[in-house]
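K.L.:
Below is the file protein-v2.json, with JSON, C-alpha atoms.
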[["chain", "number", "residue", "atom", "x", "y", "z"],
["A", 26, "SER", "CA", 82.48, -0.16, -31.46],
["A", 27, "SER", "CA", 81.52, 3.54, -31.27],
["A", 28, "SER", "CA", 77.86, 2.65, -31.92],
["A", 29, "SER", "CA", 77.78, 0.00, -29.18],
["A", 30, "SER", "CA", 79.36, 2.36, -26.62],
["A", 31, "SER", "CA", 76.80, 5.10, -27.42],
["A", 32, "SER", "CA", 73.94, 2.59, -27.12],
["A", 33, "SER", "CA", 75.12, 1.40, -23.70],
["A", 34, "SER", "CA", 75.57, 5.00, -22.50],
["A", 35, "TYR", "CA", 72.00, 5.76, -23.69],
["A", 36, "ASP", "CA", 70.45, 2.69, -22.01],
["A", 37, "ALA", "CA", 72.04, 3.23, -18.60],
["A", 38, "PRO", "CA", 70.13, 6.40, -17.68],
["A", 39, "THR", "CA", 66.90, 4.88, -18.99],
["A", 40, "ARG", "CA", 67.31, 1.76, -16.87],
["A", 41, "ALA", "CA", 68.17, 3.87, -13.84],
["A", 42, "ALA", "CA", 65.05, 6.03, -14.28],
["A", 43, "ALA", "CA", 62.84, 2.95, -14.68],
["A", 44, "THR", "CA", 64.31, 1.40, -11.54],
["A", 45, "ALA", "CA", 63.72, 4.60, -9.56],
["A", 46, "THR", "CA", 60.10, 4.79, -10.75],
["A", 47, "ALA", "CA", 59.42, 1.17, -9.82],
["A", 48, "THR", "CA", 60.96, 1.72, -6.37],
["A", 49, "ALA", "CA", 58.79, 4.81, -5.78],
["A", 50, "ILE", "CA", 55.64, 2.97, -6.80],
["A", 51, "ALA", "CA", 56.42, 0.07, -4.48],
["A", 52, "THR", "CA", 57.14, 2.45, -1.59],
["A", 53, "ASN", "CA", 53.90, 4.37, -2.10],
["A", 54, "ALA", "CA", 51.96, 1.12, -2.31],
["A", 55, "ARG", "CA", 53.34, 0.06, 1.08],
["A", 56, "ARG", "CA", 52.47, 3.42, 2.63],
["A", 57, "ALA", "CA", 48.97, 3.76, 1.10],
["A", 58, "PRO", "CA", 46.10, 2.52, 3.31],
["A", 59, "PRO", "CA", 44.11, -0.45, 2.02],
["A", 60, "PRO", "CA", 41.08, 0.52, -0.07],
["A", 61, "ARG", "CA", 37.84, 0.76, 1.92],
["A", 62, "LEU", "CA", 35.04, -1.61, 1.05],
["A", 63, "ARG", "CA", 32.10, 0.47, -0.08],
["A", 64, "VAL", "CA", 28.87, -0.84, 1.46],
["A", 65, "ALA", "CA", 25.56, -0.11, -0.16],
["A", 66, "PRO", "CA", 23.28, 2.16, 1.93],
["A", 67, "ARG", "CA", 20.62, -0.56, 2.23],
["A", 68, "ALA", "CA", 23.12, -3.14, 3.45],
["A", 69, "ARG", "CA", 24.60, -0.60, 5.87],
["A", 70, "ARG", "CA", 21.17, 0.17, 7.32],
["A", 71, "ALA", "CA", 20.44, -3.54, 7.65],
["A", 72, "SER", "CA", 23.71, -4.19, 9.47],
["A", 73, "ARG", "CA", 23.00, -1.33, 11.89],
["A", 74, "ALA", "CA", 19.52, -2.68, 12.54],
["A", 75, "ARG", "CA", 20.93, -6.13, 13.28],
["A", 76, "ALA", "CA", 23.40, -4.61, 15.67],
["A", 77, "GLY", "CA", 20.60, -2.80, 17.52],
["A", 78, "ASP", "CA", 21.46, 0.67, 16.15],
["A", 79, "VAL", "CA", 17.90, 1.75, 15.35],
["A", 80, "ASN", "CA", 17.35, 5.32, 14.21],
["A", 81, "LYS", "CA", 14.40, 7.54, 15.11],
["A", 82, "ARG", "CA", 12.51, 6.82, 11.92],
["A", 83, "GLN", "CA", 12.75, 3.08, 12.48],
["A", 84, "GLU", "CA", 11.54, 3.56, 16.03],
["A", 85, "ASP", "CA", 8.53, 5.54, 14.83],
["A", 86, "LEU", "CA", 7.72, 2.85, 12.30],
["A", 87, "GLY", "CA", 7.79, 0.34, 15.13],
["A", 88, "GLY", "CA", 4.44, 1.72, 16.23],
["A", 89, "LEU", "CA", 5.22, 1.98, 19.93],
["A", 90, "GLY", "CA", 8.25, 4.28, 19.80],
["A", 91, "GLY", "CA", 10.87, 1.54, 19.94],
["A", 92, "ASP", "CA", 12.28, -1.64, 18.47],
["A", 93, "ILE", "CA", 9.57, -4.28, 18.85],
["A", 94, "GLY", "CA", 11.05, -6.92, 16.59],
["A", 95, "ALA", "CA", 10.51, -10.65, 17.03],
["A", 96, "ARG", "CA", 11.90, -12.40, 20.09],
["A", 97, "ASP", "CA", 11.22, -15.52, 22.09],
["A", 98, "PRO", "CA", 8.26, -15.16, 24.45],
["A", 99, "THR", "CA", 8.89, -15.22, 28.16],
["A", 100, "ALA", "CA", 7.38, -17.81, 30.48],
["A", 101, "GLY", "CA", 4.90, -15.25, 31.75],
["A", 102, "GLU", "CA", 3.77, -14.38, 28.23],
["A", 103, "LEU", "CA", 3.30, -18.03, 27.36],
["A", 104, "GLY", "CA", 1.21, -18.49, 30.48],
["A", 105, "SER", "CA", -0.97, -15.50, 29.58],
["A", 106, "ASN", "CA", -1.96, -17.00, 26.18],
["A", 107, "PHE", "CA", -0.88, -13.82, 24.43],
["A", 108, "GLY", "CA", -1.01, -15.67, 21.13],
["A", 109, "THR", "CA", -4.79, -15.31, 21.06],
["A", 110, "SER", "CA", -4.44, -11.55, 20.55],
["A", 111, "THR", "CA", -1.58, -11.45, 18.05],
["A", 112, "LEU", "CA", -1.25, -11.99, 14.31],
["A", 113, "GLY", "CA", 1.32, -14.05, 12.46],
["A", 114, "HIS", "CA", 3.31, -17.20, 13.16],
["A", 115, "ALA", "CA", 5.71, -18.03, 15.95],
["A", 116, "ASP", "CA", 8.73, -17.08, 13.85],
["A", 117, "THR", "CA", 7.48, -13.65, 12.77],
["A", 118, "ASP", "CA", 7.14, -10.25, 14.41],
["A", 119, "HIS", "CA", 4.50, -10.06, 17.11],
["A", 120, "ILE", "CA", 1.99, -7.66, 15.57],
["A", 121, "LEU", "CA", -0.77, -6.71, 17.95],
["A", 122, "GLN", "CA", -4.31, -6.88, 16.67],
["A", 123, "VAL", "CA", -6.27, -3.67, 16.68],
["A", 124, "PRO", "CA", -8.61, -3.73, 19.70],
["A", 125, "THR", "CA", -12.25, -4.29, 18.80],
["A", 126, "ALA", "CA", -13.33, -0.93, 20.22],
["A", 127, "MET", "CA", -10.72, 0.90, 18.14],
["A", 128, "ALA", "CA", -11.66, -1.06, 15.01],
["A", 129, "GLU", "CA", -15.28, -0.06, 15.48],
["A", 130, "MET", "CA", -14.22, 3.59, 15.67],
["A", 131, "ILE", "CA", -12.24, 3.60, 12.43],
["A", 132, "MET", "CA", -14.60, 1.48, 10.32],
["A", 133, "LEU", "CA", -16.28, 3.55, 7.62],
["A", 134, "LYS", "CA", -19.64, 1.86, 8.10],
["A", 135, "ASN", "CA", -19.80, 3.33, 11.62],
["A", 136, "LYS", "CA", -19.08, 6.90, 10.57],
["A", 137, "LYS", "CA", -21.48, 9.63, 9.54],
["A", 138, "CYS", "CA", -21.31, 11.61, 6.31],
["A", 139, "ALA", "CA", -20.18, 15.19, 6.79],
["A", 140, "PRO", "CA", -22.28, 18.11, 5.51],
["A", 141, "GLY", "CA", -21.76, 18.78, 1.85],
["A", 142, "ALA", "CA", -20.07, 22.11, 2.49],
["A", 143, "GLN", "CA", -17.32, 20.32, 4.45],
["A", 144, "ALA", "CA", -16.64, 17.65, 1.84],
["A", 145, "GLU", "CA", -13.23, 17.77, 0.18],
["A", 146, "LYS", "CA", -12.02, 15.92, -2.89],
["A", 147, "LEU", "CA", -9.64, 13.07, -2.10],
["A", 148, "ASP", "CA", -6.34, 12.63, -3.89],
["A", 149, "PHE", "CA", -5.08, 9.23, -5.05],
["A", 150, "GLN", "CA", -3.35, 8.42, -1.76],
["A", 151, "GLY", "CA", -6.46, 9.24, 0.26],
["A", 152, "GLN", "CA", -8.59, 7.11, -2.03],
["A", 153, "GLU", "CA", -6.32, 4.09, -1.66],
["A", 154, "VAL", "CA", -6.39, 4.26, 2.14],
["A", 155, "LEU", "CA", -10.20, 4.23, 2.30],
["A", 156, "ARG", "CA", -10.70, 1.82, -0.60],
["A", 157, "LYS", "CA", -9.28, -1.00, 1.53],
["A", 158, "GLN", "CA", -12.62, -1.09, 3.36],
["A", 159, "VAL", "CA", -14.74, -1.25, 0.19],
["A", 160, "TRP", "CA", -12.82, -3.63, -2.09],
["A", 161, "ASP", "CA", -15.86, -4.41, -4.25],
["A", 162, "TRP", "CA", -16.07, -0.81, -5.40],
["A", 163, "LYS", "CA", -13.85, 0.40, -8.24],
["A", 164, "ILE", "CA", -12.72, 3.93, -9.00],
["A", 165, "ARG", "CA", -13.76, 4.57, -12.58],
["A", 166, "PRO", "CA", -14.79, 7.52, -14.76],
["A", 167, "GLY", "CA", -18.50, 8.06, -14.19],
["A", 168, "ARG", "CA", -21.26, 9.26, -16.42],
["A", 169, "GLY", "CA", -20.65, 12.81, -15.26],
["A", 170, "ASN", "CA", -17.08, 12.73, -16.65],
["A", 171, "PHE", "CA", -15.45, 12.64, -13.21],
["A", 172, "GLU", "CA", -14.05, 9.85, -11.04],
["A", 173, "CYS", "CA", -16.59, 7.81, -9.12],
["A", 174, "LEU", "CA", -16.80, 4.81, -6.86],
["A", 175, "ARG", "CA", -18.57, 2.34, -9.11],
["A", 176, "ARG", "CA", -20.18, -1.01, -8.42],
["A", 177, "GLU", "CA", -22.70, -3.19, -10.25],
["A", 178, "PHE", "CA", -25.05, -5.31, -8.15],
["A", 179, "PRO", "CA", -26.48, -8.48, -9.74],
["A", 180, "THR", "CA", -29.91, -9.52, -8.44],
["A", 181, "ALA", "CA", -32.54, -12.06, -9.27],
["A", 182, "GLU", "CA", -34.70, -11.14, -12.26],
["A", 183, "GLY", "CA", -37.22, -8.47, -11.35],
["A", 184, "GLU", "CA", -35.58, -7.44, -8.05],
["A", 185, "ALA", "CA", -33.36, -4.65, -9.35],
["A", 186, "GLY", "CA", -35.96, -1.99, -8.60],
["A", 187, "GLY", "CA", -36.29, -3.12, -4.98],
["A", 188, "LEU", "CA", -32.53, -2.99, -4.49],
["A", 189, "CYS", "CA", -32.46, 0.55, -5.89],
["A", 190, "GLU", "CA", -35.02, 1.58, -3.28],
["A", 191, "LEU", "CA", -32.97, 0.10, -0.44],
["A", 192, "ILE", "CA", -29.80, 1.84, -1.62],
["A", 193, "ALA", "CA", -31.66, 5.14, -2.05],
["A", 194, "GLY", "CA", -32.99, 4.78, 1.50],
["A", 195, "THR", "CA", -29.48, 4.29, 2.87],
["A", 196, "ALA", "CA", -28.29, 7.38, 0.98],
["A", 197, "THR", "CA", -31.22, 9.47, 2.23],
["A", 198, "ALA", "CA", -30.51, 8.47, 5.83],
["A", 199, "GLU", "CA", -26.92, 9.66, 5.40],
["A", 200, "GLY", "CA", -27.85, 12.87, 3.62],
["A", 201, "TRP", "CA", -25.50, 12.09, 0.74],
["A", 202, "ALA", "CA", -26.93, 11.24, -2.67],
["A", 203, "PRO", "CA", -25.21, 8.92, -5.16],
["A", 204, "ALA", "CA", -24.31, 10.27, -8.57],
["A", 205, "THR", "CA", -26.08, 7.31, -10.20],
["A", 206, "CYS", "CA", -28.37, 4.64, -8.80],
["A", 207, "GLU", "CA", -30.48, 2.90, -11.40],
["A", 208, "ALA", "CA", -31.54, -0.50, -12.62],
["A", 209, "THR", "CA", -29.80, -1.11, -15.94],
["A", 210, "SER", "CA", -31.89, -4.25, -16.41],
["A", 211, "GLY", "CA", -34.32, -6.37, -14.44],
["A", 212, "SER", "CA", -31.41, -8.08, -12.69],
["A", 213, "LYS", "CA", -28.65, -5.50, -12.39],
["A", 214, "VAL", "CA", -28.20, -2.21, -10.53],
["A", 215, "LEU", "CA", -25.50, 0.35, -11.28],
["A", 216, "VAL", "CA", -24.36, 2.66, -8.47],
["A", 217, "GLU", "CA", -21.85, 5.47, -8.88],
["A", 218, "LEU", "CA", -20.76, 7.54, -5.90],
["A", 219, "GLY", "CA", -19.13, 10.89, -6.55],
["A", 220, "SER", "CA", -19.67, 14.62, -6.49],
["A", 221, "ASP", "CA", -20.25, 16.76, -9.53],
["A", 222, "ALA", "CA", -19.37, 19.84, -7.47],
["A", 223, "LEU", "CA", -16.00, 18.34, -6.45],
["A", 224, "LYS", "CA", -15.44, 16.57, -9.77],
["A", 225, "GLY", "CA", -14.32, 13.47, -7.91],
["A", 226, "VAL", "CA", -14.85, 11.40, -4.79],
["A", 227, "CYS", "CA", -14.70, 12.42, -1.14],
["A", 228, "THR", "CA", -14.79, 10.62, 2.21],
["A", 229, "ASN", "CA", -18.60, 10.73, 2.21],
["A", 230, "ASP", "CA", -18.67, 8.55, -0.90],
["A", 231, "PHE", "CA", -16.58, 5.88, 0.80],
["A", 232, "ILE", "CA", -18.73, 6.04, 3.93],
["A", 233, "LEU", "CA", -21.89, 5.60, 1.87],
["A", 234, "ALA", "CA", -20.32, 2.70, -0.04],
["A", 235, "ALA", "CA", -19.44, 0.99, 3.25],
["A", 236, "LYS", "CA", -22.95, 1.52, 4.60],
["A", 237, "ILE", "CA", -24.48, 0.07, 1.44],
["A", 238, "ASP", "CA", -22.26, -2.99, 1.78],
["A", 239, "ALA", "CA", -23.30, -3.30, 5.44],
["A", 240, "ASN", "CA", -27.03, -3.25, 4.58],
["A", 241, "GLU", "CA", -27.86, -6.90, 5.16],
["A", 242, "GLU", "CA", -31.25, -6.67, 3.47],
["A", 243, "ALA", "CA", -29.75, -5.17, 0.33],
["A", 244, "MET", "CA", -26.83, -7.60, 0.22],
["A", 245, "GLY", "CA", -29.26, -10.47, 0.74],
["A", 246, "MET", "CA", -30.82, -9.65, -2.63],
["A", 247, "LEU", "CA", -27.57, -10.18, -4.53],
["A", 248, "VAL", "CA", -26.97, -13.31, -6.56],
["A", 249, "LYS", "CA", -23.67, -14.69, -7.73],
["A", 250, "GLU", "CA", -23.26, -14.30, -11.46],
["A", 251, "ALA", "CA", -22.41, -17.35, -13.51],
["A", 252, "PRO", "CA", -18.90, -17.27, -14.99],
["A", 253, "LYS", "CA", -18.83, -15.83, -18.47],
["A", 254, "ALA", "CA", -18.08, -18.22, -21.30],
["A", 255, "ARG", "CA", -14.85, -17.46, -23.11],
["A", 256, "ASN", "CA", -14.07, -18.41, -26.68],
["A", 257, "TRP", "CA", -10.38, -19.03, -27.07],
["A", 258, "PHE", "CA", -10.50, -19.80, -30.80]]
Hey, can you dump this file as structure tokens for me?

P.N.:
Amino acid sequence: SSSSSSSSSYDAPTRAAATATATAIATNARRAPPPRLRVAPRARRASRARAGDVNKRQEDLGGLGGDIGARDPTAGELGSNFGTSTLGHADTDHILQVPTAMAEMIMLKNKKCAPGAQAEKLDFQGQEVLRKQVWDWKIRPGRGNFECLRREFPTAEGEAGGLCELIAGTATAEGWAPATCEATSGSKVLVELGSDALKGVCTNDFILAAKIDANEEAMGMLVKEAPKARNWF
């Protein structure tokens, strides 16, 4: 009987303490504010954009200093046939085409090569911007162990020499010489544009590449190469 009385006297304080702890936890849970839902930064930016809360950077990216997202055209716009001067479909953003006069100003084929003393080597980002106008040219290590704009021109047999002369004439008119311009065979011409002094390519090289591509007489001498046979086994 003495052991049972001591056990009950020992359990009473323990049960009381446990009850008090549980009560405190429940009280704090009722008082504590509900946990906030953490929204990812990208989703938060998207929700603000949908609500019309456009920040300065988004406005600048809009191109005209404001939110110019897609919307339904007005009756006046429909009557003006604005669709003839826009790109995209009816359910996309209305992206204005670059005016013809502006396009002519920024096209490399319409620019002049700068004097050699003013030429500066382009970094990767600068190369990628200009390369969009001369897709057929590839940036590769040249024979002079520096990066060049490189393109091979296939011609009819025996016409490679004539194409070299046309390309050399275009380069002479621009005052900017290619690093390499030679007939590697009777039907193929290799052209590399780059500067040994700069150990790379500059804007002049891209301008010359664009002018070569725009030479109708030279491009008229090119022939489409037959697809190469591939042995899979």

K.L.:
Could you work out how far CA of Asp230 (chain A) lies from CA of Ile164 (chain A), giving the answer in Å with one decimal?

P.N.:
11.1 Å

K.L.:
Quote the spacing between CA of Ala181 (chain A) and CA of Ala204 (chain A) in Å to one decimal place.

P.N.:
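Taking CA of Ala181 (chain A) and CA of Ala204 (chain A), their separation equals 23.8 Å.
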
K.L.:
Which distance in Å separates CA of Glu129 (chain A) and CA of Pro203 (chain A), to one decimal?

P.N.:
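Separating CA of Glu129 (chain A) from CA of Pro203 (chain A) is a distance of 24.6 Å.
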
K.L.:
Please provide as a ChimeraX atom specification all residues within 9 Å of region 237-243 of chain A, with the sequence filter that same-chain residues fewer than 3 positions apart are discarded (counting only C-alpha atoms).

P.N.:
/A:134,159,161,187-189,191-192,195-196,232-234,246-247

K.L.:
Excluding same-chain residues fewer than 5 positions from region 200-202 of chain A, what lies within 8 Å of it counting all atoms listed in the file, as a PyMOL selection string?

P.N.:
chain A and resi 138+140-141+193+218+229-230+233

K.L.:
Of the residues A:Asp148, A:Glu184, A:Glu172, A:Glu177, which is the one nearest to Gly245 (chain A), using all atoms listed in the file?

P.N.:
A:Glu184

K.L.:
Residues proximal to (-17.9, 10.0, -9.9) were defined as those with any atom within 12 Å of that point in the file's coordinates, counting only C-alpha atoms. Which are they, as a VMD selection string?

P.N.:
chain A and resid 146 to 147 162 to 176 202 to 206 216 to 227 230 to 231

K.L.:
So which one's closest to Gln152 (chain A), A:Ala45, A:Glu190, A:Lys249, A:Thr228? Using all atoms listed in the file, please.

P.N.:
A:Thr228

K.L.:
Name the residues in contact with Val214 (chain A) at a cut-off of 7 Å, using all atoms listed in the file, excluding same-chain residues fewer than 5 positions from it; report them as a list in words.

P.N.:
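What passes the distance filter is Glu177, Phe178, Pro179, Ala185, Cys189, Glu207, Ala208 and Thr209 of chain A.
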